[in-house]
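Next comes my_file-v8.pdb, with PDB, C-alpha atoms.
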```
ATOM      1  CA  MET A  86     -23.042  -3.031  26.176  1.00  0.00           C
ATOM      2  CA  THR A  87     -23.637  -5.049  23.055  1.00  0.00           C
ATOM      3  CA  LEU A  88     -25.278  -2.070  21.421  1.00  0.00           C
ATOM      4  CA  LEU A  89     -22.201   0.069  22.148  1.00  0.00           C
ATOM      5  CA  VAL A  90     -19.922  -2.610  20.689  1.00  0.00           C
ATOM      6  CA  ASP A  91     -22.139  -2.903  17.632  1.00  0.00           C
ATOM      7  CA  VAL A  92     -22.332   0.823  16.995  1.00  0.00           C
ATOM      8  CA  THR A  93     -18.587   1.348  17.483  1.00  0.00           C
ATOM      9  CA  SER A  94     -17.555  -1.548  15.290  1.00  0.00           C
ATOM     10  CA  ALA A  95     -20.092  -0.643  12.602  1.00  0.00           C
ATOM     11  CA  THR A  96     -18.810   2.940  12.475  1.00  0.00           C
ATOM     12  CA  LEU A  97     -15.182   1.827  12.325  1.00  0.00           C
ATOM     13  CA  LEU A  98     -15.932  -0.775   9.655  1.00  0.00           C
ATOM     14  CA  LEU A  99     -17.793   1.622   7.396  1.00  0.00           C
ATOM     15  CA  LEU A 100     -15.167   4.342   7.798  1.00  0.00           C
ATOM     16  CA  GLY A 101     -12.341   1.916   7.100  1.00  0.00           C
ATOM     17  CA  GLY A 102     -14.063   0.418   4.074  1.00  0.00           C
ATOM     18  CA  ALA A 103     -14.818   3.866   2.673  1.00  0.00           C
ATOM     19  CA  LEU A 104     -11.191   4.910   3.148  1.00  0.00           C
ATOM     20  CA  VAL A 105      -9.917   1.820   1.344  1.00  0.00           C
ATOM     21  CA  LEU A 106     -12.344   2.503  -1.516  1.00  0.00           C
ATOM     22  CA  ILE A 107     -11.263   6.144  -1.730  1.00  0.00           C
ATOM     23  CA  ALA A 108      -7.627   5.045  -1.701  1.00  0.00           C
ATOM     24  CA  SER A 109      -8.127   2.691  -4.626  1.00  0.00           C
ATOM     25  CA  ILE A 110     -10.007   5.372  -6.551  1.00  0.00           C
ATOM     26  CA  GLY A 111      -7.057   7.665  -5.944  1.00  0.00           C
ATOM     27  CA  LEU A 112      -4.661   4.951  -7.069  1.00  0.00           C
ATOM     28  CA  LEU A 113      -6.523   4.877 -10.349  1.00  0.00           C
ATOM     29  CA  ARG A 114      -6.979   8.587 -10.887  1.00  0.00           C
ATOM     30  CA  PHE A 115      -3.679  10.228  -9.970  1.00  0.00           C
ATOM     31  CA  HIS A 116      -1.461  11.106 -12.881  1.00  0.00           C
ATOM     32  CA  THR A 117       2.087  10.182 -11.896  1.00  0.00           C
ATOM     33  CA  VAL A 118       3.694   7.300 -10.065  1.00  0.00           C
ATOM     34  CA  LEU A 119       5.050   9.415  -7.240  1.00  0.00           C
ATOM     35  CA  ALA A 120       1.630  10.982  -6.679  1.00  0.00           C
ATOM     36  CA  ARG A 121       0.032   7.556  -6.541  1.00  0.00           C
ATOM     37  CA  THR A 122       2.129   6.556  -3.551  1.00  0.00           C
ATOM     38  CA  HIS A 123       0.069   8.950  -1.420  1.00  0.00           C
ATOM     39  CA  PRO A 124      -3.295   7.165  -1.542  1.00  0.00           C
ATOM     40  CA  ALA A 125      -1.801   3.714  -1.935  1.00  0.00           C
ATOM     41  CA  THR A 126       0.115   3.839   1.314  1.00  0.00           C
ATOM     42  CA  LYS A 127      -1.393   6.479   3.584  1.00  0.00           C
ATOM     43  CA  ALA A 128      -5.123   6.082   3.016  1.00  0.00           C
ATOM     44  CA  VAL A 129      -5.031   2.296   2.753  1.00  0.00           C
ATOM     45  CA  THR A 130      -3.036   2.026   5.966  1.00  0.00           C
ATOM     46  CA  VAL A 131      -5.462   4.186   7.954  1.00  0.00           C
ATOM     47  CA  GLY A 132      -8.407   2.257   6.503  1.00  0.00           C
ATOM     48  CA  ALA A 133      -6.794  -1.049   7.463  1.00  0.00           C
ATOM     49  CA  VAL A 134      -6.077   0.194  10.982  1.00  0.00           C
ATOM     50  CA  LEU A 135      -9.715   1.247  11.397  1.00  0.00           C
ATOM     51  CA  VAL A 136     -11.052  -2.134  10.301  1.00  0.00           C
ATOM     52  CA  ILE A 137      -8.552  -3.972  12.503  1.00  0.00           C
ATOM     53  CA  LEU A 138      -9.700  -1.804  15.423  1.00  0.00           C
ATOM     54  CA  ALA A 139     -13.288  -2.730  14.609  1.00  0.00           C
ATOM     55  CA  ALA A 140     -12.354  -6.411  14.770  1.00  0.00           C
ATOM     56  CA  ALA A 141     -10.490  -5.813  18.052  1.00  0.00           C
ATOM     57  CA  VAL A 142     -13.630  -4.261  19.520  1.00  0.00           C
ATOM     58  CA  ARG A 143     -15.838  -7.171  18.497  1.00  0.00           C
ATOM     59  CA  ILE A 144     -13.768 -10.227  19.418  1.00  0.00           C
ATOM     60  CA  PRO A 145     -14.258 -11.194  23.103  1.00  0.00           C
ATOM     61  CA  ASP A 146     -10.922 -12.995  23.508  1.00  0.00           C
ATOM     62  CA  ASN A 147      -8.229 -10.823  25.127  1.00  0.00           C
ATOM     63  CA  GLY A 148      -5.276 -12.489  23.413  1.00  0.00           C
ATOM     64  CA  ALA A 149      -6.907 -11.921  20.047  1.00  0.00           C
ATOM     65  CA  THR A 150      -7.408  -8.240  20.869  1.00  0.00           C
ATOM     66  CA  PHE A 151      -3.719  -7.891  21.663  1.00  0.00           C
ATOM     67  CA  LYS A 152      -2.794  -9.650  18.426  1.00  0.00           C
ATOM     68  CA  LEU A 153      -5.020  -7.355  16.402  1.00  0.00           C
ATOM     69  CA  LEU A 154      -3.578  -4.242  18.022  1.00  0.00           C
ATOM     70  CA  LEU A 155      -0.118  -5.548  17.216  1.00  0.00           C
ATOM     71  CA  ALA A 156      -1.160  -6.097  13.608  1.00  0.00           C
ATOM     72  CA  ALA A 157      -2.466  -2.516  13.392  1.00  0.00           C
ATOM     73  CA  LEU A 158       0.827  -1.227  14.817  1.00  0.00           C
ATOM     74  CA  LEU A 159       2.717  -3.322  12.276  1.00  0.00           C
ATOM     75  CA  GLN A 160       0.733  -1.793   9.417  1.00  0.00           C
ATOM     76  CA  LEU A 161       1.388   1.721  10.710  1.00  0.00           C
ATOM     77  CA  VAL A 162       5.118   1.098  11.043  1.00  0.00           C
ATOM     78  CA  THR A 163       5.711  -0.627   7.705  1.00  0.00           C
ATOM     79  CA  ALA A 164       3.702   1.737   5.532  1.00  0.00           C
ATOM     80  CA  PRO A 165       6.218   4.645   5.449  1.00  0.00           C
ATOM     81  CA  ILE A 166       9.106   2.269   4.784  1.00  0.00           C
ATOM     82  CA  ALA A 167       7.342   0.707   1.811  1.00  0.00           C
ATOM     83  CA  ALA A 168       6.309   4.127   0.489  1.00  0.00           C
ATOM     84  CA  HIS A 169       9.875   5.381   0.725  1.00  0.00           C
ATOM     85  CA  MET A 170      11.340   2.355  -1.040  1.00  0.00           C
ATOM     86  CA  ILE A 171       8.777   2.374  -3.829  1.00  0.00           C
ATOM     87  CA  GLY A 172       9.121   6.116  -4.393  1.00  0.00           C
ATOM     88  CA  ARG A 173      12.888   5.939  -4.501  1.00  0.00           C
ATOM     89  CA  ALA A 174      12.828   2.975  -6.869  1.00  0.00           C
ATOM     90  CA  ALA A 175      10.334   4.743  -9.141  1.00  0.00           C
ATOM     91  CA  TYR A 176      12.570   7.820  -9.164  1.00  0.00           C
ATOM     92  CA  ARG A 177      15.700   5.863  -9.959  1.00  0.00           C
ATOM     93  CA  ALA A 178      14.169   3.620 -12.578  1.00  0.00           C
ATOM     94  CA  ASN A 179      12.570   6.414 -14.633  1.00  0.00           C
ATOM     95  CA  THR A 180      15.051   9.054 -15.689  1.00  0.00           C
ATOM     96  CA  ARG A 181      12.540  10.921 -17.824  1.00  0.00           C
ATOM     97  CA  MET A 182      10.349  11.632 -14.810  1.00  0.00           C
ATOM     98  CA  ARG A 183      12.852  14.107 -13.464  1.00  0.00           C
ATOM     99  CA  GLU A 184      12.029  16.743 -16.044  1.00  0.00           C
ATOM    100  CA  HIS A 185       8.519  17.058 -14.633  1.00  0.00           C
ATOM    101  CA  LEU A 186       9.566  17.511 -11.030  1.00  0.00           C
ATOM    102  CA  THR A 187       9.430  21.009  -9.557  1.00  0.00           C
ATOM    103  CA  VAL A 188      11.622  20.294  -6.542  1.00  0.00           C
ATOM    104  CA  ASP A 189      14.236  17.581  -6.817  1.00  0.00           C
ATOM    105  CA  HIS A 190      16.290  17.218  -3.659  1.00  0.00           C
ATOM    106  CA  LEU A 191      17.195  13.630  -4.367  1.00  0.00           C
ATOM    107  CA  GLY A 192      18.579  14.557  -7.772  1.00  0.00           C
ATOM    108  CA  GLU A 193      20.755  17.236  -6.247  1.00  0.00           C
ATOM    109  CA  ALA A 194      21.904  14.831  -3.574  1.00  0.00           C
ATOM    110  CA  LEU A 195      22.739  12.201  -6.126  1.00  0.00           C
ATOM    111  CA  ASP A 196      24.528  14.897  -8.148  1.00  0.00           C
ATOM    112  CA  GLY A 197      23.614  13.291 -11.376  1.00  0.00           C
ATOM    113  CA  GLY A 198      24.748   9.845 -10.376  1.00  0.00           C
ATOM    114  CA  THR A 199      22.521   7.068 -11.544  1.00  0.00           C
ATOM    115  CA  PHE A 200      22.655   3.455 -12.513  1.00  0.00           C
ATOM    116  CA  GLY A 201      23.981   2.998 -16.015  1.00  0.00           C
ATOM    117  CA  ASP A 202      22.979   0.465 -18.599  1.00  0.00           C
ATOM    118  CA  ASP A 203      25.447  -2.104 -17.390  1.00  0.00           C
ATOM    119  CA  GLY A 204      23.999  -1.976 -13.888  1.00  0.00           C
ATOM    120  CA  SER A 205      26.882  -0.148 -12.260  1.00  0.00           C
ATOM    121  CA  ALA A 206      26.559   3.265 -10.693  1.00  0.00           C
ATOM    122  CA  GLU A 207      28.047   5.949 -12.908  1.00  0.00           C
ATOM    123  CA  ARG A 208      27.693   9.679 -13.268  1.00  0.00           C
ATOM    124  CA  GLU A 209      25.618  11.003 -16.109  1.00  0.00           C
ATOM    125  CA  ARG A 210      27.697  12.935 -18.547  1.00  0.00           C
ATOM    126  CA  SER A 211      25.106  15.376 -19.760  1.00  0.00           C
ATOM    127  CA  ARG A 212      22.807  16.913 -17.174  1.00  0.00           C
TER     128      ARG A 212
ATOM    129  CA  MET F 204     -25.176  -5.740  11.655  1.00  0.00           C
ATOM    130  CA  ASN F 205     -24.994  -8.204   8.803  1.00  0.00           C
ATOM    131  CA  VAL F 206     -25.826  -5.342   6.468  1.00  0.00           C
ATOM    132  CA  VAL F 207     -22.761  -3.458   7.692  1.00  0.00           C
ATOM    133  CA  PHE F 208     -20.536  -6.466   6.996  1.00  0.00           C
ATOM    134  CA  ALA F 209     -22.032  -6.875   3.540  1.00  0.00           C
ATOM    135  CA  VAL F 210     -21.549  -3.193   2.703  1.00  0.00           C
ATOM    136  CA  ALA F 211     -17.932  -3.253   3.919  1.00  0.00           C
ATOM    137  CA  LEU F 212     -17.246  -6.397   1.914  1.00  0.00           C
ATOM    138  CA  ALA F 213     -18.754  -4.811  -1.191  1.00  0.00           C
ATOM    139  CA  MET F 214     -16.502  -1.786  -0.707  1.00  0.00           C
ATOM    140  CA  LEU F 215     -13.486  -4.076  -0.460  1.00  0.00           C
ATOM    141  CA  LEU F 216     -14.555  -5.866  -3.625  1.00  0.00           C
ATOM    142  CA  ALA F 217     -14.856  -2.587  -5.531  1.00  0.00           C
ATOM    143  CA  SER F 218     -11.449  -1.473  -4.220  1.00  0.00           C
ATOM    144  CA  THR F 219      -9.820  -4.707  -5.332  1.00  0.00           C
ATOM    145  CA  SER F 220     -11.230  -4.432  -8.845  1.00  0.00           C
ATOM    146  CA  LEU F 221     -10.014  -0.824  -9.119  1.00  0.00           C
ATOM    147  CA  CYS F 222      -6.541  -1.896  -8.007  1.00  0.00           C
ATOM    148  CA  LEU F 223      -6.629  -4.691 -10.578  1.00  0.00           C
ATOM    149  CA  VAL F 224      -7.412  -2.122 -13.267  1.00  0.00           C
ATOM    150  CA  ARG F 225      -4.375  -0.137 -12.168  1.00  0.00           C
ATOM    151  CA  LEU F 226      -2.308  -3.316 -12.258  1.00  0.00           C
ATOM    152  CA  ILE F 227      -3.339  -4.282 -15.761  1.00  0.00           C
ATOM    153  CA  ARG F 228      -3.103  -0.819 -17.308  1.00  0.00           C
ATOM    154  CA  PRO F 229       0.150  -0.130 -19.115  1.00  0.00           C
ATOM    155  CA  GLY F 230       2.435   1.745 -16.788  1.00  0.00           C
ATOM    156  CA  THR F 231       5.704   1.595 -14.966  1.00  0.00           C
ATOM    157  CA  LEU F 232       6.805  -1.241 -12.750  1.00  0.00           C
ATOM    158  CA  ALA F 233       6.349   0.923  -9.661  1.00  0.00           C
ATOM    159  CA  ASP F 234       2.641   1.212 -10.514  1.00  0.00           C
ATOM    160  CA  LYS F 235       2.353  -2.539 -10.421  1.00  0.00           C
ATOM    161  CA  ILE F 236       4.204  -2.818  -7.129  1.00  0.00           C
ATOM    162  CA  LEU F 237       1.889  -0.234  -5.596  1.00  0.00           C
ATOM    163  CA  ALA F 238      -1.208  -1.998  -6.898  1.00  0.00           C
ATOM    164  CA  LEU F 239      -0.082  -5.387  -5.584  1.00  0.00           C
ATOM    165  CA  ASP F 240       0.824  -3.971  -2.203  1.00  0.00           C
ATOM    166  CA  THR F 241      -2.595  -2.325  -1.982  1.00  0.00           C
ATOM    167  CA  ILE F 242      -4.322  -5.579  -2.961  1.00  0.00           C
ATOM    168  CA  LEU F 243      -2.455  -7.457  -0.224  1.00  0.00           C
ATOM    169  CA  ILE F 244      -3.438  -4.858   2.358  1.00  0.00           C
ATOM    170  CA  ILE F 245      -7.041  -5.228   1.166  1.00  0.00           C
ATOM    171  CA  VAL F 246      -6.646  -8.967   1.790  1.00  0.00           C
ATOM    172  CA  VAL F 247      -5.510  -8.139   5.337  1.00  0.00           C
ATOM    173  CA  VAL F 248      -8.586  -5.946   5.756  1.00  0.00           C
ATOM    174  CA  GLY F 249     -10.778  -8.766   4.479  1.00  0.00           C
ATOM    175  CA  ILE F 250      -9.296 -11.188   6.998  1.00  0.00           C
ATOM    176  CA  ALA F 251      -9.929  -8.711   9.818  1.00  0.00           C
ATOM    177  CA  LEU F 252     -13.470  -8.259   8.539  1.00  0.00           C
ATOM    178  CA  SER F 253     -14.187 -11.980   8.613  1.00  0.00           C
ATOM    179  CA  ALA F 254     -12.629 -12.229  12.076  1.00  0.00           C
ATOM    180  CA  ALA F 255     -14.973  -9.465  13.240  1.00  0.00           C
ATOM    181  CA  GLN F 256     -17.963 -11.174  11.671  1.00  0.00           C
ATOM    182  CA  THR F 257     -17.430 -14.672  13.037  1.00  0.00           C
ATOM    183  CA  GLY F 258     -15.888 -13.588  16.330  1.00  0.00           C
ATOM    184  CA  SER F 259     -13.273 -16.342  16.210  1.00  0.00           C
ATOM    185  CA  ASP F 260      -9.557 -15.712  16.278  1.00  0.00           C
ATOM    186  CA  VAL F 261      -8.311 -18.506  14.049  1.00  0.00           C
ATOM    187  CA  TYR F 262      -7.544 -16.131  11.184  1.00  0.00           C
ATOM    188  CA  LEU F 263      -5.224 -13.778  12.985  1.00  0.00           C
ATOM    189  CA  ASN F 264      -2.055 -15.714  12.266  1.00  0.00           C
ATOM    190  CA  ALA F 265      -2.913 -15.534   8.580  1.00  0.00           C
ATOM    191  CA  LEU F 266      -3.375 -11.771   8.994  1.00  0.00           C
ATOM    192  CA  PHE F 267       0.158 -11.410  10.361  1.00  0.00           C
ATOM    193  CA  VAL F 268       1.654 -13.602   7.667  1.00  0.00           C
ATOM    194  CA  VAL F 269      -0.038 -11.759   4.805  1.00  0.00           C
ATOM    195  CA  SER F 270       0.913  -8.311   6.079  1.00  0.00           C
ATOM    196  CA  LEU F 271       4.542  -9.328   6.609  1.00  0.00           C
ATOM    197  CA  VAL F 272       4.746 -10.959   3.174  1.00  0.00           C
ATOM    198  CA  ALA F 273       3.233  -7.861   1.558  1.00  0.00           C
ATOM    199  CA  PHE F 274       5.765  -5.555   3.180  1.00  0.00           C
ATOM    200  CA  ILE F 275       8.815  -7.731   2.516  1.00  0.00           C
ATOM    201  CA  SER F 276       7.854  -8.439  -1.080  1.00  0.00           C
ATOM    202  CA  SER F 277       7.132  -4.810  -1.984  1.00  0.00           C
ATOM    203  CA  VAL F 278      10.437  -3.671  -0.477  1.00  0.00           C
ATOM    204  CA  THR F 279      12.315  -6.458  -2.291  1.00  0.00           C
ATOM    205  CA  VAL F 280      10.781  -5.780  -5.687  1.00  0.00           C
ATOM    206  CA  ALA F 281      11.365  -2.034  -5.225  1.00  0.00           C
ATOM    207  CA  ARG F 282      15.007  -2.773  -4.543  1.00  0.00           C
ATOM    208  CA  PHE F 283      15.108  -4.973  -7.619  1.00  0.00           C
ATOM    209  CA  ILE F 284      13.728  -2.395 -10.049  1.00  0.00           C
ATOM    210  CA  GLU F 285      16.207   0.222  -8.874  1.00  0.00           C
ATOM    211  CA  THR F 286      19.060  -1.536 -10.547  1.00  0.00           C
ATOM    212  CA  ARG F 287      17.636  -1.790 -14.006  1.00  0.00           C
ATOM    213  CA  ARG F 288      16.569   0.842 -16.474  1.00  0.00           C
ATOM    214  CA  ASP F 289      12.822   1.043 -16.930  1.00  0.00           C
ATOM    215  CA  LEU F 290      12.029   1.125 -20.607  1.00  0.00           C
ATOM    216  CA  LYS F 291       8.668   2.830 -20.232  1.00  0.00           C
ATOM    217  CA  ARG F 292       8.551   6.577 -19.623  1.00  0.00           C
TER     218      ARG F 292
END
```
Please express what this file holds, its structure, as structure tokens.
Amino acid sequence: MTLLVDVTSATLLLLGGALVLIASIGLLRFHTVLARTHPATKAVTVGAVLVILAAAVRIPDNGATFKLLLAALLQLVTAPIAAHMIGRAAYRANTRMREHLTVDHLGEALDGGTFGDDGSAERERSR
Amino acid sequence: MNVVFAVALAMLLASTSLCLVRLIRPGTLADKILALDTILIIVVVGIALSAAQTGSDVYLNALFVVSLVAFISSVTVARFIETRRDLKR
């Protein structure tokens, strides 16, 4: 029983740590901001969930196991929201990024509207 | 088993230093938000790691607090940088 717990938690820990390391390498190596949101949110979240599961396997207290599972669920739920907000903010704050984009649904949806220099939303005159 | 904990902790240390490099490098504000969010999630992973190693559950409230603060702060700063022009790139 203890051997099974040890093997499971060791596997989950090493996998989760490797995923977090790969995610930070990706955060360093990708070329654009929007591309960097992929490793920084997806890979890190899965790595965190794996390590939290490893801790849930090892701790004998039942209330602590429930808390850890809740924390893993919280990470899974909040990661897409944060990725969406950061990506949208990066898109809106850098107007020169839009020339490099192949598909730009948000630009078409905004129809050229952006935040002007005085902070108010205005339509761009030249597009 | 202690070797596994040491290896995982070393991987977390390497990840944190790589994220710090991304934070310090000149880039847009969104880069910095991403790096800080990743560092805070690595802190959460470190807390879970120490909870697994010692077997005690005193750290789990700190785990919740750090993950909530990371999420709320990254969403707030992302909302903040939307309303100003970024001067880089």
Practice task
Would you mind telling me which residue in A:Ile137, A:Ala95, A:Val188, A:Ala164 lies nearest to F:Leu271 when using all atoms listed in the file?
Solution key: A:Ala164
Practice task
Could you please tell me, as JSON, numbers by chain, which residues of chain F have an atom within 7 Å of chain A when using all atoms listed in the file?
Solution key: {"F": [207, 211, 214, 215, 217, 218, 221, 222, 225, 233, 234, 237, 241, 248, 251, 252, 254, 255, 258, 259, 260, 267, 274, 277, 278, 281, 282, 284, 285, 286, 287, 288, 289, 292]}
Residue subset to file, keeping C-alpha atoms, as a tab-separated table (two decimals), keeping the file's coordinate frame:
```
chain	number	residue	atom	x	y	z
F	207	VAL	CA	-22.76	-3.46	7.69
F	211	ALA	CA	-17.93	-3.25	3.92
F	214	MET	CA	-16.50	-1.79	-0.71
F	215	LEU	CA	-13.49	-4.08	-0.46
F	217	ALA	CA	-14.86	-2.59	-5.53
F	218	SER	CA	-11.45	-1.47	-4.22
F	221	LEU	CA	-10.01	-0.82	-9.12
F	222	CYS	CA	-6.54	-1.90	-8.01
F	225	ARG	CA	-4.38	-0.14	-12.17
F	233	ALA	CA	6.35	0.92	-9.66
F	234	ASP	CA	2.64	1.21	-10.51
F	237	LEU	CA	1.89	-0.23	-5.60
F	241	THR	CA	-2.60	-2.33	-1.98
F	248	VAL	CA	-8.59	-5.95	5.76
F	251	ALA	CA	-9.93	-8.71	9.82
F	252	LEU	CA	-13.47	-8.26	8.54
F	254	ALA	CA	-12.63	-12.23	12.08
F	255	ALA	CA	-14.97	-9.46	13.24
F	258	GLY	CA	-15.89	-13.59	16.33
F	259	SER	CA	-13.27	-16.34	16.21
F	260	ASP	CA	-9.56	-15.71	16.28
F	267	PHE	CA	0.16	-11.41	10.36
F	274	PHE	CA	5.76	-5.56	3.18
F	277	SER	CA	7.13	-4.81	-1.98
F	278	VAL	CA	10.44	-3.67	-0.48
F	281	ALA	CA	11.36	-2.03	-5.22
F	282	ARG	CA	15.01	-2.77	-4.54
F	284	ILE	CA	13.73	-2.40	-10.05
F	285	GLU	CA	16.21	0.22	-8.87
F	286	THR	CA	19.06	-1.54	-10.55
F	287	ARG	CA	17.64	-1.79	-14.01
F	288	ARG	CA	16.57	0.84	-16.47
F	289	ASP	CA	12.82	1.04	-16.93
F	292	ARG	CA	8.55	6.58	-19.62
```
Handout entry: Separation of atom CA of F:Ile250 from atom CA of F:Ala265 in Å
Key = 7.9 Å
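Proximity to F:Ile275 was assessed for F:Ile236, F:Val246, F:Ala213, F:Leu263 counting only C-alpha atoms; the smallest distance is recorded for F:Ile236.
Straight-line separation from atom CA of A:Asn147 to atom CA of F:Leu216: 29.9 Å.
If you look at atom CA of A:His185 and atom CA of F:Ile242, they are 28.5 Å away from each other.
Among F:Gly230, F:Gln256, F:Val224, F:Lys235, the residue with the shortest atom-to-atom distance to F:Ala209, counting only C-alpha atoms, is F:Gln256.
Distance check against F:Leu223 using only C-alpha atoms: of F:Val210, F:Leu243, F:Val280, F:Met204, the minimum falls on F:Leu243.
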